[in-house]
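J.: data.cif is reproduced below (mmCIF, C-alpha atoms).
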```cif
data_entry
#
loop_
_atom_site.label_atom_id
_atom_site.label_comp_id
_atom_site.auth_asym_id
_atom_site.auth_seq_id
_atom_site.Cartn_x
_atom_site.Cartn_y
_atom_site.Cartn_z
CA MET A 1 83.42 79.42 89.63
CA ASN A 2 81.14 77.64 92.07
CA GLU A 3 78.67 79.25 94.48
CA LYS A 4 81.05 79.03 97.44
CA GLU A 5 83.76 80.82 95.49
CA LYS A 6 81.32 83.48 94.31
CA SER A 7 80.34 84.04 97.90
CA VAL A 8 83.92 84.19 99.24
CA TYR A 9 85.13 86.61 96.56
CA GLU A 10 81.95 88.69 96.42
CA TRP A 11 83.67 91.88 97.64
CA GLN A 12 86.38 91.82 94.98
CA LEU A 13 84.32 90.50 92.06
CA THR A 14 82.78 93.95 91.72
CA VAL A 15 86.13 95.72 91.38
CA PRO A 16 86.01 97.48 88.00
CA GLY A 17 88.26 95.74 85.48
CA PHE A 18 88.45 92.55 87.55
CA GLY A 19 85.15 90.62 87.79
CA GLU A 20 84.69 86.88 87.29
CA GLN A 21 87.22 86.88 84.48
CA GLY A 22 89.92 88.24 86.78
CA GLN A 23 88.94 85.80 89.50
CA GLU A 24 89.25 82.90 87.07
CA LYS A 25 92.71 84.12 86.08
CA LEU A 26 93.77 84.13 89.73
CA LYS A 27 92.35 80.66 90.25
CA GLY A 28 94.28 79.39 87.25
CA ALA A 29 97.54 81.01 88.30
CA SER A 30 100.50 79.88 90.37
CA VAL A 31 103.01 82.03 92.28
CA LEU A 32 106.40 81.29 93.81
CA VAL A 33 107.02 83.22 97.03
CA SER A 34 110.48 83.16 98.54
CA ARG A 35 110.95 83.48 101.41
CA ILE A 36 107.80 83.45 103.53
CA GLY A 37 108.92 85.54 106.50
CA GLY A 38 107.77 89.05 107.33
CA LEU A 39 107.40 89.95 103.68
CA GLY A 40 106.66 86.74 101.84
CA GLY A 41 104.34 85.38 104.50
CA LEU A 42 101.98 88.31 104.06
CA VAL A 43 102.29 88.15 100.29
CA ALA A 44 101.23 84.50 100.44
CA TYR A 45 98.41 85.27 102.88
CA GLU A 46 96.95 88.03 100.69
CA LEU A 47 97.24 85.88 97.57
CA ALA A 48 95.51 83.02 99.38
CA ALA A 49 92.77 85.39 100.49
CA ALA A 50 92.36 86.70 96.94
CA GLY A 51 91.91 83.17 95.56
CA ILE A 52 95.20 82.30 93.90
CA GLY A 53 95.15 78.76 92.49
CA LYS A 54 98.55 77.58 93.65
CA LEU A 55 101.41 78.81 95.82
CA VAL A 56 104.92 77.43 95.81
CA LEU A 57 106.58 78.48 99.08
CA ALA A 58 110.35 78.21 99.53
CA HIS A 59 111.92 78.89 102.91
CA GLY A 60 114.38 76.81 104.87
CA GLY A 61 114.63 76.41 108.61
CA ASN A 62 112.49 76.35 111.72
CA VAL A 63 110.44 79.02 113.47
CA LYS A 64 112.49 81.11 115.92
CA PRO A 65 111.26 83.51 118.61
CA SER A 66 112.79 86.42 116.68
CA ASP A 67 110.54 85.61 113.70
CA LEU A 68 107.36 86.38 115.57
CA ASN A 69 107.42 90.19 115.41
CA ARG A 70 106.74 90.09 111.66
CA GLN A 71 106.35 86.56 110.26
CA LEU A 72 102.61 86.33 110.64
CA LEU A 73 102.27 82.83 109.22
CA MET A 74 104.37 81.58 112.13
CA THR A 75 102.90 80.92 115.55
CA ASP A 76 104.30 80.62 119.03
CA ASN A 77 103.20 76.99 119.31
CA TRP A 78 105.24 76.18 116.16
CA LEU A 79 108.62 77.32 117.57
CA GLY A 80 111.35 74.92 116.55
CA LYS A 81 109.29 73.38 113.75
CA PRO A 82 109.62 74.04 109.99
CA ARG A 83 108.44 77.45 108.84
CA VAL A 84 106.91 76.08 105.64
CA GLU A 85 104.70 73.71 107.65
CA SER A 86 103.40 76.55 109.79
CA ALA A 87 102.77 78.63 106.67
CA GLU A 88 100.94 75.81 104.91
CA ARG A 89 98.77 75.17 107.96
CA ARG A 90 97.82 78.83 108.34
CA LEU A 91 97.14 79.34 104.65
CA TYR A 92 94.87 76.29 104.44
CA GLU A 93 92.92 77.62 107.41
CA LEU A 94 92.13 80.67 105.32
CA ASN A 95 91.75 79.01 101.92
CA PRO A 96 91.37 75.23 101.76
CA ARG A 97 90.52 75.40 98.05
CA MET A 98 94.00 76.31 96.86
CA GLU A 99 97.04 74.12 96.19
CA ILE A 100 100.24 74.67 98.18
CA GLU A 101 103.64 73.21 97.47
CA THR A 102 106.22 73.75 100.17
CA VAL A 103 110.00 73.58 99.87
CA ASN A 104 111.95 73.51 103.11
CA ALA A 105 114.93 75.27 101.52
CA ASN A 106 115.90 78.72 100.40
CA ILE A 107 116.41 79.57 96.75
CA ASN A 108 119.77 78.41 95.46
CA GLU A 109 121.51 77.67 92.18
CA GLU A 110 120.33 74.05 92.25
CA ASN A 111 116.61 74.64 92.79
CA VAL A 112 115.87 78.03 91.26
CA ALA A 113 115.23 77.00 87.64
CA GLU A 114 112.86 74.21 88.61
CA LEU A 115 110.93 76.30 91.14
CA VAL A 116 110.47 79.20 88.74
CA SER A 117 109.39 76.77 85.99
CA LYS A 118 106.48 75.61 88.17
CA VAL A 119 104.77 79.00 88.39
CA ASP A 120 103.39 81.90 86.38
CA LEU A 121 104.88 84.67 88.55
CA VAL A 122 107.60 85.08 91.19
CA VAL A 123 107.48 87.29 94.28
CA ASP A 124 110.98 87.90 95.59
CA CYS A 125 111.03 88.52 99.35
CA ALA A 126 114.43 87.05 100.20
CA PRO A 127 116.88 88.79 102.54
CA LEU A 128 120.01 87.79 100.63
CA PHE A 129 121.00 89.22 97.28
CA GLU A 130 122.34 85.81 96.24
CA GLU A 131 118.75 84.52 96.24
CA ARG A 132 117.30 87.70 94.78
CA PHE A 133 119.65 87.78 91.79
CA LEU A 134 119.03 84.08 91.13
CA MET A 135 115.25 84.57 91.07
CA ASN A 136 115.62 87.65 88.88
CA ARG A 137 117.87 85.85 86.41
CA GLU A 138 115.64 82.80 86.19
CA ALA A 139 112.42 84.82 85.93
CA VAL A 140 113.90 86.78 83.03
CA ASN A 141 115.26 83.62 81.38
CA GLN A 142 111.86 81.92 81.63
CA ASN A 143 109.95 85.10 80.73
CA LYS A 144 108.02 85.12 84.00
CA PRO A 145 107.02 88.37 85.74
CA LEU A 146 108.74 89.06 89.05
CA VAL A 147 107.67 91.34 91.88
CA ASP A 148 110.62 92.49 93.98
CA CYS A 149 109.88 93.60 97.55
CA ALA A 150 112.39 94.99 100.04
CA MET A 151 112.48 96.73 103.40
CA TYR A 152 114.78 98.29 105.98
CA GLU A 153 113.82 99.86 109.29
CA LEU A 154 110.78 102.03 108.45
CA GLU A 155 111.60 102.10 104.75
CA ALA A 156 110.47 99.80 101.96
CA GLN A 157 110.48 99.56 98.21
CA ILE A 158 108.88 97.54 95.46
CA MET A 159 109.37 97.13 91.72
CA SER A 160 107.87 94.76 89.19
CA VAL A 161 109.92 93.17 86.43
CA LEU A 162 108.23 92.33 83.14
CA PRO A 163 110.99 90.52 81.22
CA GLY A 164 111.86 92.18 77.95
CA ARG A 165 109.71 95.18 78.75
CA SER A 166 111.06 96.75 81.91
CA ALA A 167 114.22 97.03 84.01
CA CYS A 168 115.17 93.95 86.01
CA LEU A 169 116.82 93.71 89.43
CA SER A 170 120.26 93.62 87.80
CA CYS A 171 119.44 96.87 85.97
CA LEU A 172 118.62 98.42 89.34
CA TYR A 173 121.70 96.93 91.05
CA PRO A 174 124.33 96.25 88.39
CA ASP A 175 126.98 95.36 90.92
CA TRP A 176 126.87 93.37 94.12
CA PRO A 177 125.34 95.35 97.03
CA LYS A 178 128.19 94.64 99.41
CA ALA A 179 126.90 97.07 102.01
CA TRP A 180 123.78 95.00 102.64
CA LYS A 181 123.72 93.07 105.90
CA ARG A 182 121.47 90.09 106.58
CA GLU A 183 120.07 91.38 109.86
CA PHE A 184 118.50 94.78 110.05
CA PRO A 185 115.93 96.66 112.10
CA VAL A 186 112.31 96.37 111.00
CA PHE A 187 108.74 96.32 112.29
CA GLY A 188 106.22 93.74 111.15
CA ALA A 189 103.97 96.59 110.09
CA VAL A 190 106.64 97.70 107.61
CA SER A 191 107.10 94.26 106.08
CA GLY A 192 103.32 93.87 106.05
CA THR A 193 102.87 97.16 104.23
CA VAL A 194 105.18 96.32 101.36
CA ALA A 195 103.94 92.71 101.33
CA CYS A 196 100.38 93.88 100.69
CA LEU A 197 101.65 96.09 97.89
CA GLY A 198 103.57 93.12 96.47
CA ALA A 199 100.49 90.91 96.58
CA MET A 200 98.51 93.65 94.85
CA GLU A 201 101.13 93.86 92.12
CA ALA A 202 100.94 90.09 91.62
CA ILE A 203 97.14 90.21 91.44
CA LYS A 204 97.26 93.10 88.95
CA ILE A 205 99.78 91.37 86.70
CA ILE A 206 97.93 88.05 86.73
CA ALA A 207 94.49 89.57 86.22
CA GLY A 208 95.58 92.29 83.79
CA LEU A 209 94.30 94.95 86.15
CA GLY A 210 95.64 98.51 86.39
CA GLU A 211 99.26 99.48 85.80
CA PRO A 212 102.03 97.45 87.44
CA LEU A 213 105.20 99.08 88.72
CA ALA A 214 107.15 97.97 85.65
CA GLY A 215 110.25 100.11 85.30
CA GLN A 216 109.25 102.09 88.35
CA LEU A 217 110.62 101.77 91.84
CA LEU A 218 108.07 102.70 94.49
CA SER A 219 109.91 103.72 97.65
CA MET A 220 108.41 104.66 100.96
CA ASP A 221 109.56 105.96 104.30
CA LEU A 222 106.91 105.20 106.88
CA ARG A 223 108.68 107.43 109.42
CA ASP A 224 107.13 110.45 107.69
CA MET A 225 104.80 108.57 105.29
CA THR A 226 106.66 109.73 102.21
CA PHE A 227 105.96 107.69 99.06
CA TYR A 228 107.71 108.33 95.76
CA LYS A 229 108.18 106.62 92.40
CA THR A 230 111.43 106.64 90.45
CA LYS A 231 111.68 105.60 86.83
CA ILE A 232 114.28 102.84 86.48
CA SER A 233 115.64 102.32 82.99
CA ARG A 234 116.80 99.10 81.38
CA ARG A 235 120.55 99.00 81.00
CA ASP A 236 121.92 98.25 77.54
CA ASP A 237 124.73 96.27 79.15
CA CYS A 238 122.61 94.35 81.67
CA PRO A 239 124.00 90.78 81.75
CA VAL A 240 120.55 89.40 82.64
CA CYS A 241 117.95 91.17 80.52
CA SER A 242 119.68 93.15 77.76
CA LYS A 243 119.34 90.22 75.33
CA THR A 244 115.67 89.69 76.19
CA GLN A 245 113.36 90.95 73.46
CA THR A 246 110.18 92.90 74.02
CA ASN A 247 107.13 90.68 73.72
CA MET B 1 123.49 127.44 94.99
CA LYS B 2 122.16 125.03 97.59
CA ILE B 3 120.75 121.58 96.89
CA LYS B 4 119.25 119.01 99.21
CA ILE B 5 120.91 115.58 99.52
CA LYS B 6 118.71 112.84 100.97
CA TYR B 7 119.74 109.36 102.08
CA THR B 8 117.92 106.06 102.49
CA ALA B 9 118.42 102.90 104.55
CA GLN B 10 122.00 102.12 105.60
CA LEU B 11 123.35 105.39 104.24
CA LYS B 12 120.86 107.27 106.39
CA LYS B 13 121.87 105.20 109.39
CA GLU B 14 125.58 105.91 108.91
CA ALA B 15 124.97 109.60 108.19
CA GLY B 16 122.90 109.92 111.34
CA VAL B 17 120.63 112.37 109.52
CA PRO B 18 118.10 111.84 106.71
CA GLU B 19 119.32 114.77 104.63
CA VAL B 20 121.86 117.55 104.32
CA TRP B 21 121.98 120.77 102.34
CA LYS B 22 125.04 121.23 100.14
CA GLU B 23 126.51 124.32 98.52
CA THR B 24 127.49 123.45 94.94
CA THR B 25 127.52 124.65 91.34
CA GLU B 26 125.52 123.81 88.21
CA GLU B 27 128.55 122.21 86.61
CA VAL B 28 129.42 119.80 89.42
CA GLY B 29 129.92 116.20 88.31
CA LEU B 30 128.14 113.40 90.11
CA GLU B 31 131.33 111.70 91.30
CA ASP B 32 132.75 114.93 92.69
CA LEU B 33 129.49 115.75 94.42
CA LEU B 34 129.33 112.31 96.03
CA LYS B 35 132.91 112.59 97.24
CA GLU B 36 132.11 115.94 98.82
CA VAL B 37 129.05 114.42 100.45
CA ALA B 38 130.99 111.42 101.75
CA ALA B 39 133.66 113.71 103.21
CA GLY B 40 131.03 115.06 105.58
CA HIS B 41 130.28 111.66 107.10
CA ASN B 42 132.03 108.65 108.62
CA GLU B 43 134.12 105.95 106.95
CA ALA B 44 131.28 103.42 106.98
CA PHE B 45 129.18 105.86 104.95
CA ALA B 46 131.98 106.22 102.40
CA ASN B 47 132.42 102.44 102.23
CA ILE B 48 128.78 102.01 101.29
CA LEU B 49 129.11 104.61 98.57
CA PHE B 50 132.56 103.77 97.16
CA ASP B 51 134.54 100.57 96.64
CA GLU B 52 138.12 99.98 97.76
CA HIS B 53 139.39 101.71 94.60
CA GLY B 54 137.33 104.82 95.25
CA SER B 55 134.81 104.10 92.48
CA ARG B 56 131.13 104.64 93.10
CA ARG B 57 129.30 101.39 93.72
CA GLN B 58 126.79 100.90 90.91
CA SER B 59 124.30 99.35 93.33
CA ILE B 60 123.79 102.82 94.83
CA VAL B 61 120.83 104.34 93.03
CA ILE B 62 121.08 108.09 92.47
CA VAL B 63 117.88 110.02 91.85
CA HIS B 64 117.68 113.65 90.77
CA ASN B 65 114.22 115.21 91.06
CA ASN B 66 112.56 111.75 90.84
CA GLU B 67 114.61 110.60 87.82
CA GLN B 68 117.33 107.97 88.07
CA VAL B 69 120.74 109.38 87.16
CA LEU B 70 122.40 107.10 84.65
CA ALA B 71 125.95 107.16 83.30
CA GLY B 72 127.09 109.30 86.20
CA ARG B 73 125.87 112.55 84.67
CA LEU B 74 124.00 115.25 86.49
CA THR B 75 122.33 117.72 84.18
CA GLY B 76 120.24 120.79 84.79
CA LEU B 77 121.06 121.11 88.47
CA LYS B 78 119.19 124.05 89.99
CA GLU B 79 118.80 125.80 93.34
CA ASN B 80 116.81 123.68 95.85
CA ASP B 81 117.01 120.55 93.70
CA GLU B 82 116.92 117.23 95.50
CA ILE B 83 119.42 114.40 95.06
CA LEU B 84 118.39 111.12 96.62
CA ILE B 85 121.12 108.57 97.32
CA MET B 86 119.56 105.15 97.79
CA SER B 87 121.31 102.33 99.58
CA PRO B 88 120.25 98.86 98.32
CA ILE B 89 117.82 96.91 100.49
CA ALA B 90 116.36 93.40 100.43
CA GLY B 91 113.63 91.39 102.17
CA GLY B 92 113.31 89.15 105.14
#
```
Go ahead and express the file in the form of structure tokens.
T.:
Amino acid sequence: MNEKEKSVYEWQLTVPGFGEQGQEKLKGASVLVSRIGGLGGLVAYELAAAGIGKLVLAHGGNVKPSDLNRQLLMTDNWLGKPRVESAERRLYELNPRMEIETVNANINEENVAELVSKVDLVVDCAPLFEERFLMNREAVNQNKPLVDCAMYELEAQIMSVLPGRSACLSCLYPDWPKAWKREFPVFGAVSGTVACLGAMEAIKIIAGLGEPLAGQLLSMDLRDMTFYKTKISRRDDCPVCSKTQTN
Amino acid sequence: MKIKIKYTAQLKKEAGVPEVWKETTEEVGLEDLLKEVAAGHNEAFANILFDEHGSRRQSIVIVHNNEQVLAGRLTGLKENDEILIMSPIAGG
């Protein structure tokens, strides 16, 4: 770590259990974030601030006015232009030392295996379960940790998946969540809350710090500030992770 | 005995309330309890909870006193217990 890096990360280098060793682990690590809207954008921003080595950002489409209440990597002067370009620009303003790879597409069957193969950890922030189940499947197949973040209105939840050791997204939702609708009410402060928790989970898993939410679903209702954890068990018949061995 | 039933996300929206109290018995099965609960709300609520064949959707997470209920079995139900019915959510 050079003097500039020591200076930038001074306030976190003294966190017990982290130190220069943890910082070096972050610098050597890569994370896929998909998508980079209200949730993923803040995950990426916090990881950039913390000194992650590389981010792979996947999100298709251009910035729309309706993005701006929560997608904090997007700016008004970037309306109509690609979201990933706005995100890359904003992240480099904060941390020019990191590497960023952008993909102007959402996760799909064709790109998921390659994108997951490029990173050490996946943070799932996608609004569609098609994308979420693909990332979960591929993370488990490639034995990569996954942090799953979700939100609705003033509620949010987060769970980490350590393949072979804890429940995966398909253990949590063994059938297709047909009730879920793409558009839903939410404040940026809600997506930002769970995004910061997601970034913290990623930092913890990469640096070996604390206890990740493996096999535990942290749910919160910000309407009355209720937070609760629920133990989520692996399913013996899970089509994604039941064949994955503990390692 | 009375137990508290709480809802999250889209179930809470369709119910119009975050929770209800329900009179029930220790022996009640999960499926029967959920059908009784759904009967107190609108059709959209029931459609989130049950599929077109009337089976409980497995993507609905049921929590009893902070423990996930697996295999559809409720055990040790007591007065004032809390059942949380969680509707699946995603990102954005």
J.: As an exercise, work out the distance from atom CA of A:Ala126 to atom CA of A:Gly40 in Å and give it to one decimal place.
T.: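 Calculated distance between atom CA of A:Ala126 and atom CA of A:Gly40 is 7.9 Å.
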J.: Name the closest residue to chain B among the candidates A:Arg97, A:Lys144, A:Lys4, A:His59; distances are taken between atoms, counting all atoms listed in the file.
T.: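 Of A:Arg97, A:Lys144, A:Lys4, A:His59, the one nearest chain B, counting all atoms listed in the file, is A:His59.
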J.: Evaluated on this file, the PyMOL selection byres ((chain B) within 6 of (chain A)) picks out some residues - which ones are they, written as a PyMOL selection string?
T.: chain B and resi 48+58-59+66-67+89-92
J.: Neighbouring residues of stretch 83-88 of chain B were defined as those with any atom within 7 Å, considering all atoms listed in the file; residues of the same chain fewer than 4 positions away were excluded. Please report them as a list in words.
T.: Pro177 and Trp180 of chain A; Lys4, Ile5, Lys6, Tyr7, Thr8, Ala9, Gln10, Leu11, Ser59, Ile60, Val61, Ile62, Val63, His64 and Asn65 of chain B
J.: Starting from the PyMOL selection byres ((chain A and resi 147) around 10), expand the selection into actual residues of this file and give them as a PDB file with C-alpha atoms, in the coordinates of the input.
T.:
```pdb
ATOM      1  CA  VAL A  33     107.020  83.220  97.030  1.00  0.00           C
ATOM      2  CA  LEU A 121     104.880  84.670  88.550  1.00  0.00           C
ATOM      3  CA  VAL A 122     107.600  85.080  91.190  1.00  0.00           C
ATOM      4  CA  VAL A 123     107.480  87.290  94.280  1.00  0.00           C
ATOM      5  CA  ASP A 124     110.980  87.900  95.590  1.00  0.00           C
ATOM      6  CA  CYS A 125     111.030  88.520  99.350  1.00  0.00           C
ATOM      7  CA  ASN A 136     115.620  87.650  88.880  1.00  0.00           C
ATOM      8  CA  PRO A 145     107.020  88.370  85.740  1.00  0.00           C
ATOM      9  CA  LEU A 146     108.740  89.060  89.050  1.00  0.00           C
ATOM     10  CA  ASP A 148     110.620  92.490  93.980  1.00  0.00           C
ATOM     11  CA  CYS A 149     109.880  93.600  97.550  1.00  0.00           C
ATOM     12  CA  ILE A 158     108.880  97.540  95.460  1.00  0.00           C
ATOM     13  CA  MET A 159     109.370  97.130  91.720  1.00  0.00           C
ATOM     14  CA  SER A 160     107.870  94.760  89.190  1.00  0.00           C
ATOM     15  CA  VAL A 161     109.920  93.170  86.430  1.00  0.00           C
ATOM     16  CA  LEU A 162     108.230  92.330  83.140  1.00  0.00           C
ATOM     17  CA  CYS A 168     115.170  93.950  86.010  1.00  0.00           C
ATOM     18  CA  LEU A 169     116.820  93.710  89.430  1.00  0.00           C
ATOM     19  CA  LEU A 197     101.650  96.090  97.890  1.00  0.00           C
ATOM     20  CA  GLY A 198     103.570  93.120  96.470  1.00  0.00           C
ATOM     21  CA  ALA A 199     100.490  90.910  96.580  1.00  0.00           C
ATOM     22  CA  MET A 200      98.510  93.650  94.850  1.00  0.00           C
ATOM     23  CA  GLU A 201     101.130  93.860  92.120  1.00  0.00           C
ATOM     24  CA  ALA A 202     100.940  90.090  91.620  1.00  0.00           C
ATOM     25  CA  ILE A 205      99.780  91.370  86.700  1.00  0.00           C
ATOM     26  CA  PRO A 212     102.030  97.450  87.440  1.00  0.00           C
ATOM     27  CA  LEU A 213     105.200  99.080  88.720  1.00  0.00           C
ATOM     28  CA  ALA A 214     107.150  97.970  85.650  1.00  0.00           C
TER      29      ALA A 214
END
```
J.: Could you check the closest approach to A:Pro163 for each of A:Met98, A:Ala139, A:Val8, A:Leu68 and tell me which residue wins, using only C-alpha atoms?
T.: A:Ala139
J.: Could you state the separation of atom CA of A:Ile107 and atom CA of B:Arg57 in Å, given to one decimal place?
T.: 25.5 Å
J.: One number please: atom CA of B:Ser55 to atom CA of B:Asp32, in Å, one decimal.
T.: 11.0 Å
J.: Specify as an mmCIF file with C-alpha atoms, keeping the file's coordinate frame each residue included when the PyMOL selection byres ((chain A and resi 83-93) around 8) is applied to this file.
T.:
```
data_model
loop_
_atom_site.group_PDB
_atom_site.id
_atom_site.type_symbol
_atom_site.label_atom_id
_atom_site.label_comp_id
_atom_site.auth_asym_id
_atom_site.auth_seq_id
_atom_site.Cartn_x
_atom_site.Cartn_y
_atom_site.Cartn_z
ATOM 1 C CA ILE A 36 107.800 83.450 103.530
ATOM 2 C CA GLY A 41 104.340 85.380 104.500
ATOM 3 C CA ALA A 44 101.230 84.500 100.440
ATOM 4 C CA TYR A 45 98.410 85.270 102.880
ATOM 5 C CA ALA A 48 95.510 83.020 99.380
ATOM 6 C CA LEU A 57 106.580 78.480 99.080
ATOM 7 C CA ALA A 58 110.350 78.210 99.530
ATOM 8 C CA HIS A 59 111.920 78.890 102.910
ATOM 9 C CA GLY A 60 114.380 76.810 104.870
ATOM 10 C CA GLY A 61 114.630 76.410 108.610
ATOM 11 C CA ASN A 62 112.490 76.350 111.720
ATOM 12 C CA VAL A 63 110.440 79.020 113.470
ATOM 13 C CA LEU A 73 102.270 82.830 109.220
ATOM 14 C CA MET A 74 104.370 81.580 112.130
ATOM 15 C CA THR A 75 102.900 80.920 115.550
ATOM 16 C CA TRP A 78 105.240 76.180 116.160
ATOM 17 C CA LYS A 81 109.290 73.380 113.750
ATOM 18 C CA PRO A 82 109.620 74.040 109.990
ATOM 19 C CA LEU A 94 92.130 80.670 105.320
ATOM 20 C CA ASN A 95 91.750 79.010 101.920
ATOM 21 C CA PRO A 96 91.370 75.230 101.760
ATOM 22 C CA ARG A 97 90.520 75.400 98.050
ATOM 23 C CA MET A 98 94.000 76.310 96.860
ATOM 24 C CA ILE A 100 100.240 74.670 98.180
ATOM 25 C CA THR A 102 106.220 73.750 100.170
ATOM 26 C CA VAL A 103 110.000 73.580 99.870
ATOM 27 C CA ASN A 104 111.950 73.510 103.110
#
```
J.: With all atoms listed in the file as the atoms that count, which of A:Lys204, A:Leu209, A:Pro185, A:Thr244 lies nearest to B:Lys13?
T.: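 The shortest atom-to-atom distance to B:Lys13 comes from A:Pro185.
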J.: Quick one: residues within 10 Å of B:Met1, all atoms listed in the file, excluding same-chain residues fewer than 6 positions away - as an MDAnalysis selection string?
T.: chainID B and resid 22:26 77:81
J.: Which residue gives the smallest distance to B:Gly40 among B:His53, B:Glu14, B:Glu27, B:Thr75, with all atoms listed in the file counted?
T.: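 With all atoms listed in the file as the atom set, the closest residue is B:Glu14.
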J.: Quick one: of B:His41, B:Leu33, B:Leu74, B:Gly54, who's nearest to B:Val17, counting only C-alpha atoms?
T.: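 Comparing B:His41, B:Leu33, B:Leu74, B:Gly54 against B:Val17, the winner is B:His41.
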J.: Around all the atoms of stretch 210-216 of chain A listed in the file, with 5 Å of room on each side, what axis-aligned box do you get, giving centre and edge lengths in Å to one decimal, as JSON?
T.:
```
{"center_x": 102.9, "center_y": 99.8, "center_z": 87.0, "size_x": 24.6, "size_y": 14.6, "size_z": 13.4}
```
